[in-house]
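This report concerns only the one structure given below.
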Amino acid sequence: MKRGYWFLAMMAGIAVLSLVGCQQVSQEWARLTRRPTPITVDTPLPSPTPSPTSTPTLGATWTPVPSGAPLLGLGTATATPIVTATPTPVPLEVSCAALWDIYPSGEALISEWLMWSATDPPSPAEHKAKLDALVARWTQYEERLEGVPVASDTQAVYEAFKAAAEKWILSFTNASNMLATLNPCCADEALALEGEARDLWNQAYGRLTSVCAFCVSARPSPTVTPTLTPTP
């Protein structure tokens, strides 16, 4: 009898445990299979709409105007006439008078040189000093010649006298260099240049008497008697 009671009690306990275990299993199964509750998320704020960027206004674009096209708003351009001053021509008698006035001083320089070279110079140093002085005086003569008013008919006369003066300067310069360096080549060159200077001076005088013969009587005679050309 006791054995039957304990058997029934044990079976009842097993049944209770079975029920409890099944309930836990059911609960666990329900927990695992239950759909998760969605987590409430704050509603996102709407994204700000970007405002349109204003395009910077550029300056006025230069557009080339086709060649020959008229410019609007500027009217018709009028050319301003350029007034050119017409030089007053030099009268022939004025130019001739100036050339006759300057001629004697050049003739005097030539005469002085011929008289000096005809004598025996005291020393090479003094002879060189004389040559250097003649170079300076012919340079002054050339500067005076550049101030002479030139007419159209006396242009050739003026150029002839200027060429002769330049040749005299070059001749005396070479002679001075010869004495400074004792180079015989300079002496030969100086003699050749002196011959050319004499020819040019005679040509200049011939042109002067040809163009300006009408006023020869009004010109004073040279202070030194010319040796290369006749007295006007």
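Residue numbering restarts at 1 for every chain of the structure tokens, chains are lettered A, B, ... in their displayed order, and ligands are numbered from 1 as they appear.
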So that I can check the secondary structure, give me every residue of stretch 89-130 of chain A assigned alpha helix (DSSP H) by backbone DSSP, as a compact mmCIF listing (two decimals) with N, CA, C and O atoms, in the first residue's frame.
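As a result, out28.txt now contains:
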```txt
# COMPACT_ATOMS: atom_id res chain seq x y z
N LEU A 92 69.09 134.43 -101.89
CA LEU A 92 70.40 134.10 -102.44
C LEU A 92 71.46 135.11 -102.01
O LEU A 92 72.58 134.73 -101.65
N GLU A 93 71.10 136.40 -102.01
CA GLU A 93 72.09 137.41 -101.67
C GLU A 93 72.54 137.30 -100.22
O GLU A 93 73.70 137.59 -99.89
N VAL A 94 71.64 136.88 -99.33
CA VAL A 94 72.01 136.71 -97.91
C VAL A 94 73.00 135.55 -97.75
O VAL A 94 74.01 135.66 -97.04
N SER A 95 72.74 134.42 -98.42
CA SER A 95 73.62 133.28 -98.32
C SER A 95 74.98 133.57 -98.94
O SER A 95 76.03 133.22 -98.38
N CYS A 96 74.99 134.24 -100.09
CA CYS A 96 76.25 134.57 -100.76
C CYS A 96 77.10 135.51 -99.89
O CYS A 96 78.33 135.36 -99.80
N ALA A 97 76.45 136.49 -99.28
CA ALA A 97 77.19 137.42 -98.44
C ALA A 97 77.85 136.70 -97.26
O ALA A 97 79.00 136.99 -96.90
N ALA A 98 77.13 135.74 -96.66
CA ALA A 98 77.69 135.00 -95.53
C ALA A 98 78.86 134.12 -95.97
O ALA A 98 79.85 133.99 -95.25
N LEU A 99 78.75 133.53 -97.14
CA LEU A 99 79.83 132.68 -97.63
C LEU A 99 81.08 133.50 -97.97
O LEU A 99 82.21 133.08 -97.69
N TRP A 100 80.87 134.67 -98.55
CA TRP A 100 82.03 135.54 -98.84
C TRP A 100 82.68 136.03 -97.55
O TRP A 100 83.89 136.23 -97.48
N ASP A 101 81.89 136.23 -96.50
CA ASP A 101 82.44 136.69 -95.23
C ASP A 101 83.30 135.62 -94.55
O ASP A 101 84.29 135.94 -93.89
N ILE A 102 82.91 134.36 -94.71
CA ILE A 102 83.63 133.29 -94.01
C ILE A 102 84.80 132.76 -94.83
O ILE A 102 85.70 132.12 -94.29
N TYR A 103 84.78 133.01 -96.10
CA TYR A 103 85.85 132.48 -96.96
C TYR A 103 87.24 132.96 -96.56
O TYR A 103 88.18 132.14 -96.49
N PRO A 104 87.51 134.25 -96.31
CA PRO A 104 88.88 134.71 -96.05
C PRO A 104 89.56 134.04 -94.86
O PRO A 104 90.78 133.81 -94.89
N SER A 105 88.80 133.71 -93.81
CA SER A 105 89.44 133.11 -92.63
C SER A 105 89.98 131.72 -92.95
O SER A 105 91.05 131.31 -92.45
N GLY A 106 89.29 130.96 -93.79
CA GLY A 106 89.81 129.66 -94.20
C GLY A 106 91.03 129.80 -95.08
O GLY A 106 92.00 129.03 -94.95
N GLU A 107 90.99 130.80 -96.00
CA GLU A 107 92.14 131.06 -96.85
C GLU A 107 93.35 131.48 -96.02
O GLU A 107 94.50 131.10 -96.32
N ALA A 108 93.14 132.23 -94.95
CA ALA A 108 94.24 132.66 -94.09
C ALA A 108 94.88 131.47 -93.38
O ALA A 108 96.11 131.42 -93.19
N LEU A 109 94.09 130.47 -92.99
CA LEU A 109 94.64 129.29 -92.34
C LEU A 109 95.54 128.51 -93.30
O LEU A 109 96.60 127.99 -92.91
N ILE A 110 95.13 128.44 -94.56
CA ILE A 110 95.94 127.74 -95.54
C ILE A 110 97.27 128.46 -95.77
O ILE A 110 98.34 127.86 -95.84
N SER A 111 97.19 129.77 -95.90
CA SER A 111 98.41 130.56 -96.11
C SER A 111 99.36 130.42 -94.93
O SER A 111 100.59 130.30 -95.09
N GLU A 112 98.82 130.43 -93.74
CA GLU A 112 99.67 130.29 -92.54
C GLU A 112 100.39 128.96 -92.54
O GLU A 112 101.59 128.88 -92.19
N TRP A 113 99.69 127.91 -92.91
CA TRP A 113 100.32 126.58 -92.93
C TRP A 113 101.41 126.49 -94.00
O TRP A 113 102.49 125.92 -93.76
N LEU A 114 101.16 127.04 -95.17
CA LEU A 114 102.16 126.97 -96.23
C LEU A 114 103.43 127.72 -95.84
O LEU A 114 104.56 127.27 -96.13
N MET A 115 103.30 128.85 -95.20
CA MET A 115 104.48 129.60 -94.76
C MET A 115 105.22 128.85 -93.65
O MET A 115 106.45 128.86 -93.61
N TRP A 116 104.49 128.23 -92.75
CA TRP A 116 105.12 127.49 -91.66
C TRP A 116 105.87 126.27 -92.19
O TRP A 116 107.03 126.01 -91.79
N SER A 117 105.24 125.50 -93.07
CA SER A 117 105.87 124.29 -93.59
C SER A 117 107.04 124.60 -94.51
O SER A 117 107.89 123.73 -94.75
N ALA A 118 107.11 125.84 -95.08
CA ALA A 118 108.23 126.20 -95.95
C ALA A 118 109.49 126.49 -95.17
O ALA A 118 110.60 126.48 -95.73
N PRO A 124 110.64 119.10 -83.42
CA PRO A 124 109.44 118.29 -83.66
C PRO A 124 108.30 118.61 -82.69
O PRO A 124 107.13 118.58 -83.08
N ALA A 125 108.63 118.94 -81.45
CA ALA A 125 107.58 119.23 -80.47
C ALA A 125 106.83 120.50 -80.85
O ALA A 125 105.59 120.55 -80.77
N GLU A 126 107.59 121.55 -81.27
CA GLU A 126 106.92 122.78 -81.68
C GLU A 126 106.13 122.59 -82.96
O GLU A 126 105.06 123.18 -83.15
N HIS A 127 106.67 121.77 -83.87
CA HIS A 127 105.94 121.50 -85.11
C HIS A 127 104.62 120.77 -84.81
O HIS A 127 103.58 121.08 -85.40
N LYS A 128 104.65 119.83 -83.88
CA LYS A 128 103.42 119.12 -83.49
C LYS A 128 102.43 120.07 -82.83
O LYS A 128 101.21 119.98 -83.05
N ALA A 129 102.94 120.98 -82.01
CA ALA A 129 102.05 121.96 -81.37
C ALA A 129 101.36 122.83 -82.41
O ALA A 129 100.18 123.17 -82.27
N LYS A 130 102.10 123.18 -83.48
CA LYS A 130 101.50 123.98 -84.55
C LYS A 130 100.41 123.19 -85.26
O LYS A 130 99.33 123.73 -85.56
```
Review point. Hey, which of A:Ser210, A:Ser171, A:Leu200, A:Gln140 ends up closest to A:Cys186? Count only C-alpha atoms.
Key: A:Ser171
Point to revise | Selection near A:Phe172, 8 Å with only C-alpha atoms, sequence-local residues under 5 positions removed, as a ChimeraX atom specification | key: /A:131-132,134-135,190,194
Review point. Which residues come within 12 Å of A:Gln155, counting only C-alpha atoms, excluding same-chain residues fewer than 2 positions away, as a PyMOL selection string?
Key: chain A and resi 90+92+95-96+99+146+148-153+157-162+204+207-208+211-212
Practice item. Do a neighbour search on A:Trp201 at 9 Å with only C-alpha atoms, toss out local chain neighbours closer than 5 positions, and write the hits as an NGL selection string. Key: :A and (107 or 160-161 or 163-165 or 196 or 206 or 228-229)
Point to revise | Between atom CA of A:Ser176 and atom CA of A:Asn202 - distance in Å to one decimal | key: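 About the pair atom CA of A:Asn202 and atom CA of A:Ser176: they are 24.2 Å apart.
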